[in-house]
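Working notes, beginning with the structure itself.
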Amino acid sequence: MADYNPSIIEPKWQKYWEENNFYRTDEKAQKKFYVLEMFPYPSGRLHMGHMRVYSIGDVLARFLRMRGFSVLHPMGWDAFGLPAENAAIKNKVHPAQWTYANIEAMKKQQKALGISYDWEREVTTCAPDYYKWTQWLFLLFYKRGLAYKKKAAVNWCPSCNTVLANEQVEDGGCWRCGTEVTTKDLEQWFLRITDYAERLLNDLKLLSGWPERVRVMQENWIGRSEGAEIHFPVKGLDTKITVFTTRPDTLFGVTYLVLAAEHPLVETLVAGTEHEAEVKAFVEKTRKLSEIVRTSTETEKEGVFTGAYCINPASGEEVPILVGNYVLMGYGTGAVMGVPAHDQRDFEFAHKYNLPMRVVVTPEGKELEAENLSEAYVDEGILINSGKFNGYPSSKAQKEITAYLQKNGWGEPKVTYRLRDWLISRQRYWGAPIPIIYCDRCGTVPVPEEDLPVMLPDDVVLKEGGQSPLKEHQEFYLTSCPNCGGKAHRETDTMDTFFCSSWYYFRYTDPHNDRLPFSKEKADAWVPVDQYIGGIEHAILHLLYSRFFTKVLHDAGYTAAVEPFKRLLAQGMVNKDGAKMSKSKGNVVSPDEIIEKYGADTGRLFILFAAPPEKDLDWSDRGVEGCYRFLKRVWRLVDHYADELAHPTGQAADDADQTLRHAVHASLKKVTEDIEERHNFNTAISAIMEAVNAAYNYTNEKKDAINKEIMAEALETIVLMLAPFAPHLAEELWQRLGHKESVHLQSWPEYDPTALRVAEVEIAVQINGKVRSRLTIPTDADAKTMEQIALADKKIADLVADKEIIKVIAVPNKLINIVVR
RNA sequence: GCCGAAGUGGCGGAACUGGCAGACGCACUUGACUCAAAAUCAAGCGGGUUUCGACCUGUGUGGGUUCGAGUCCCACCUUCGGCACCA
């Protein structure tokens, strides 16, 4: 046969698999497994990160099929989004055209990689038959009171010309373009994800198949705090200020209150007073600060007195009310109680403005003087100066004070979250239109289900700067009210693309359903996804949103699942020369050039061999060469012996034969476990390499006198083990070994435990924990025997001759340690 | 500051439950084949000492537990990631 030439065999088998519908999902099977890689944004070309995630998913999918599972392994496109719109403006093509051309190009690349997708289930989020259901889901949220419109200070990216959700702001910049985010007051659509905060937090416990770091990140993001809300009546006004605190035990130490600049009461408090001008100026100044400056610990705490006082409900004391730049309207109640002795921020603030300080918690057995404190005492302790609560430890005081407040109507226990509601409106064109109509008479009216989809009009002119053309598209904008038939107009904002991608894994289970987004029966057969694979950058964003969607769909009775992804593999990045691949650094390697030069099988093998999947991987051209060499080595071996093996002779196995069988079955055991249990593909591949090395050693030893049965078994096992990793090469070699049926329709081989049994093992002999000798002894020798053999060894005998043996530890088949004095 | 992960040869990485550190691959060195090179095959390859039999040393640092520690415990250093004026 000819030399290994991937450019011929790879397209050949890809065509064969496609024509014979190899990877169509079998819905009737009993054993089901859903393998899913995060679907890509159709940016134009695949990069190495894509190649990595698809390679991981494909190994699992192919392996599990061989293990007898019916595997759902679909692919689709996260196809709405800003880059299409920007590219369209730049190149004067329609976003749809740009997007669909990219999808075609990337699909071609995925096929060239030999990934085993069921293409009949492909979904594209920008297609009307998909976004119809995205809109339907919005209406479901709306009906359940989970979608609402409100005016709020929101994150605005001046470069993308649109608002962003909190999750989409990284280090004060836009997650997409990095531009510094500013604040705008806008009326926007939100999803009430905060209603699900507690469940999103608690159910992380169910996700034992997720990496801990992702769970911890979500936990931090949700940011649960337990404490109390306390109401402070305002002196001279019939109103009160509510604060949130996690330390109700420090209530008697409150010497002032601080309001956020945006707090609705600020204006009322200062109206018509001598403080009005100063406070208003301060509020103006504070609101102008960017979010980054405002929330930075570096920014100096500033405040201004409002002239108003309120009453500490516990002590009856009057305390001044200030406005401060470090209090955030978006967290808690937008007002905090100032306890300078026990909170570091309050401590600094009180020092700056000469506010009084009172110690109310002391460390056990110690006294604290307010005047002598160099920093706040923030730990828990024993209460003093706290009326009837004196002598209580903090934890007890927290409960008792809260109960006391509650009894008197002055406060109540409260749990607060850092998580904010999800802002889903986007002021751009290339997204799913929000299915809402505004009627002059009826107000906000949801589009009736039968009118879906609200089609995104094609005939638009996109403008430089990115303002949405929908407002000016009369045919789209002007409509009639579904209620009263009167004059009305459509919502012109589109949905955050994360909305579209929060439910796509359900659609794959029933992609052509035209009555519902998916049927419960089909979804329940597959969801939760058994193995989800994707980048860590979605640790919060996509993964949190999808969890939220699944819970809402569950509550509405559309799915039995409470969590969307049972197991999650967060794959590492692909770097080169220690840095992220980027055009500016000139260190980009594309999947195309690898396929062209070495073939897809080599590329897949390298990317799985170079590092465990969850770790970052450094691309190495030399390493790729090594994998290519290995595949050629396998090719030559099979090619050389294939014909000969056709006529077995039935000869008895000798020692060398046994050694080869042992190596092959040991390899098979390890490969099976590494793929199945640990997802350590790098060590699985190294185990296959060991089997190949053993086969070469065998042929060197036996020359032409090989045992044909043993060799045939070895080569077939090697080819079967390679099938998930290098599917084209394995297919070709499988045929070469005389098989008619595809290697990908074979069962995964079972290792033979008897082949792993050997008569003798080498053990280490230690004296006081140091290896002094290695001995070959019968397998499974008991401790007594091991000791006898070890002591009979001349070297060991000499070393222990004049010593006293205190103890002997024998680990069967491993080592023996003789402790001497 | 808080939370989390990780530090092993020249490099990527193995060592799964405490049991022979460095599997497998890359790079390098040597030998075979060749007129020669490449390819291929074979062998060597942590550091140090060596009378060539072996000995000492070694998994970020310092302690500890244990017959035995890369693995467990304590303290620290470094790197990376997340959160951070969140009351």
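The chains in the structure tokens are called A, B, ... from first to last as shown; in each chain the residues are counted from 1, and the ligands are counted from 1 in the order shown.
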Wanna dump the chain A-chain B contacts at 6 Å for me, each residue with its shortest atom pair and the distance in Å to one decimal, counting only C-alpha atoms (C1' of nucleotides), ordered by chain and number, as JSON lines?
```
{"residue": "A:Met217", "atom": "CA", "partner": "B:G82", "partner_atom": "C1'", "distance": 5.9}
{"residue": "A:Thr245", "atom": "CA", "partner": "B:A87", "partner_atom": "C1'", "distance": 5.8}
{"residue": "A:Thr297", "atom": "CA", "partner": "B:C85", "partner_atom": "C1'", "distance": 5.2}
{"residue": "A:Tyr326", "atom": "CA", "partner": "B:C85", "partner_atom": "C1'", "distance": 5.3}
{"residue": "A:Val336", "atom": "CA", "partner": "B:A87", "partner_atom": "C1'", "distance": 5.9}
{"residue": "A:Gly623", "atom": "CA", "partner": "B:C26", "partner_atom": "C1'", "distance": 5.7}
{"residue": "A:Ser686", "atom": "CA", "partner": "B:C24", "partner_atom": "C1'", "distance": 4.5}
{"residue": "A:Ala764", "atom": "CA", "partner": "B:C20", "partner_atom": "C1'", "distance": 5.4}
{"residue": "A:Gly769", "atom": "CA", "partner": "B:G68", "partner_atom": "C1'", "distance": 5.4}
```
* Could you give me, as a PyMOL selection string, the residues within 12 Å of segment 274-282 of chain A, counting only C-alpha atoms (C1' of nucleotides) and dropping anything in the same chain fewer than 6 positions from it? => chain A and resi 259-262+266-268+288-289+302-308+321-325
* segment 606-664 of chain A: residues DSSP assigns to helix (DSSP H, G or I), reported as a PyMOL selection string -> chain A and resi 606-609+621-645+655-664
* Asked: So which residues of segment 332-419 of chain A fall under strand (DSSP E) by DSSP, listed as a ChimeraX atom specification?
  -> /A:335-338,361-362,382-383,411-417
Residues just named, written with all heavy atoms as a tab-separated table (two decimals), in the first residue's frame:
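Contents of the output file result.tsv:
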```
chain	number	residue	atom	x	y	z
A	335	ALA	N	-28.49	52.81	51.13
A	335	ALA	CA	-28.19	53.58	52.33
A	335	ALA	C	-27.49	52.67	53.31
A	335	ALA	O	-27.82	51.49	53.41
A	335	ALA	CB	-29.49	54.11	52.96
A	336	VAL	N	-26.51	53.21	54.03
A	336	VAL	CA	-25.81	52.38	55.01
A	336	VAL	C	-25.75	53.09	56.35
A	336	VAL	O	-25.79	54.33	56.43
A	336	VAL	CB	-24.36	52.02	54.57
A	336	VAL	CG1	-24.37	51.24	53.28
A	336	VAL	CG2	-23.49	53.25	54.46
A	337	MET	N	-25.65	52.30	57.41
A	337	MET	CA	-25.45	52.90	58.72
A	337	MET	C	-23.94	53.00	58.95
A	337	MET	O	-23.18	52.11	58.57
A	337	MET	CB	-26.15	52.08	59.80
A	337	MET	CG	-25.71	50.63	59.91
A	337	MET	SD	-26.77	49.72	61.07
A	337	MET	CE	-25.58	48.56	61.77
A	338	GLY	N	-23.50	54.09	59.55
A	338	GLY	CA	-22.08	54.30	59.77
A	338	GLY	C	-21.68	53.84	61.16
A	338	GLY	O	-22.17	54.35	62.16
A	361	VAL	N	-18.37	46.59	70.32
A	361	VAL	CA	-17.97	45.19	70.31
A	361	VAL	C	-16.50	45.14	70.73
A	361	VAL	O	-15.68	45.89	70.20
A	361	VAL	CB	-18.12	44.55	68.91
A	361	VAL	CG1	-17.65	43.09	68.92
A	361	VAL	CG2	-19.56	44.63	68.42
A	362	THR	N	-16.19	44.26	71.67
A	362	THR	CA	-14.79	44.14	72.09
A	362	THR	C	-14.36	42.69	71.99
A	362	THR	O	-15.16	41.78	72.19
A	362	THR	CB	-14.59	44.57	73.55
A	362	THR	OG1	-15.51	43.83	74.37
A	362	THR	CG2	-14.83	46.05	73.74
A	382	ILE	N	-17.64	40.63	72.08
A	382	ILE	CA	-18.66	40.75	73.12
A	382	ILE	C	-19.19	42.18	73.12
A	382	ILE	O	-18.43	43.14	73.03
A	382	ILE	CB	-18.04	40.46	74.51
A	382	ILE	CG1	-17.32	39.10	74.51
A	382	ILE	CG2	-19.10	40.52	75.60
A	382	ILE	CD1	-18.21	37.91	74.26
A	383	LEU	N	-20.53	42.30	73.23
A	383	LEU	CA	-21.13	43.64	73.12
A	383	LEU	C	-20.97	44.46	74.40
A	383	LEU	O	-21.10	43.94	75.52
A	383	LEU	CB	-22.62	43.50	72.77
A	383	LEU	CG	-22.91	43.56	71.26
A	383	LEU	CD1	-22.35	42.34	70.57
A	383	LEU	CD2	-24.40	43.73	71.00
A	411	GLY	N	-37.43	46.76	61.86
A	411	GLY	CA	-36.50	46.09	60.94
A	411	GLY	C	-36.87	44.64	60.79
A	411	GLY	O	-37.83	44.16	61.43
A	412	GLU	N	-36.15	43.91	59.96
A	412	GLU	CA	-36.40	42.48	59.79
A	412	GLU	C	-35.16	41.81	59.19
A	412	GLU	O	-34.34	42.47	58.57
A	412	GLU	CB	-37.63	42.22	58.91
A	412	GLU	CG	-37.63	42.88	57.55
A	412	GLU	CD	-38.17	44.31	57.61
A	412	GLU	OE1	-39.13	44.56	58.37
A	412	GLU	OE2	-37.60	45.18	56.94
A	413	PRO	N	-35.08	40.50	59.37
A	413	PRO	CA	-33.95	39.79	58.75
A	413	PRO	C	-34.03	39.92	57.24
A	413	PRO	O	-35.14	40.01	56.69
A	413	PRO	CB	-34.15	38.33	59.17
A	413	PRO	CG	-35.27	38.31	60.14
A	413	PRO	CD	-36.01	39.58	60.04
A	414	LYS	N	-32.88	39.93	56.57
A	414	LYS	CA	-32.90	40.15	55.12
A	414	LYS	C	-31.68	39.48	54.49
A	414	LYS	O	-30.59	39.52	55.04
A	414	LYS	CB	-32.86	41.67	54.87
A	414	LYS	CG	-32.70	42.07	53.44
A	414	LYS	CD	-34.04	42.08	52.73
A	414	LYS	CE	-33.87	42.48	51.27
A	414	LYS	NZ	-35.11	42.35	50.52
A	415	VAL	N	-31.94	38.85	53.35
A	415	VAL	CA	-30.83	38.29	52.58
A	415	VAL	C	-30.66	39.14	51.33
A	415	VAL	O	-31.64	39.45	50.65
A	415	VAL	CB	-31.12	36.82	52.20
A	415	VAL	CG1	-30.03	36.30	51.27
A	415	VAL	CG2	-31.22	35.96	53.45
A	416	THR	N	-29.46	39.54	51.05
A	416	THR	CA	-29.19	40.40	49.91
A	416	THR	C	-28.20	39.72	48.98
A	416	THR	O	-27.35	38.96	49.42
A	416	THR	CB	-28.63	41.76	50.40
A	416	THR	OG1	-29.65	42.42	51.12
A	416	THR	CG2	-28.19	42.65	49.25
A	417	TYR	N	-28.36	39.95	47.69
A	417	TYR	CA	-27.48	39.36	46.70
A	417	TYR	C	-26.75	40.43	45.92
A	417	TYR	O	-27.29	41.52	45.69
A	417	TYR	CB	-28.26	38.49	45.72
A	417	TYR	CG	-29.02	37.38	46.41
A	417	TYR	CD1	-30.32	37.57	46.85
A	417	TYR	CD2	-28.39	36.17	46.65
A	417	TYR	CE1	-31.00	36.57	47.51
A	417	TYR	CE2	-29.07	35.16	47.32
A	417	TYR	CZ	-30.37	35.37	47.74
A	417	TYR	OH	-31.03	34.38	48.40
```
* Choose the residue, out of A:Pro457, A:Lys240, A:Met51, A:Ile384, that has the smallest atom-to-atom separation from Phe606 of chain A; count only C-alpha atoms. => A:Met51
* To do: Excluding segment 115-128 of chain A and residues on its chain fewer than 4 positions from it, collect all residues at most 8 Å away from it, counting only C-alpha atoms (C1' of nucleotides), and give them as a ChimeraX atom specification.
  => /A:23-25,54-55,58,61-62,72-80,110-111,132,431-432,453,455,500-501,504,507-512
* To do: Do a neighbour search on segment 49-61 of chain B at 10 Å with only C-alpha atoms (C1' of nucleotides), toss out local chain neighbours closer than 6 positions, and write the hits as a count of residues only.
  => 8
* Hey, which of B:G10, B:G64, B:G48, B:G1 ends up closest to C28 of chain B? Count only C-alpha atoms (C1' of nucleotides). -> B:G10
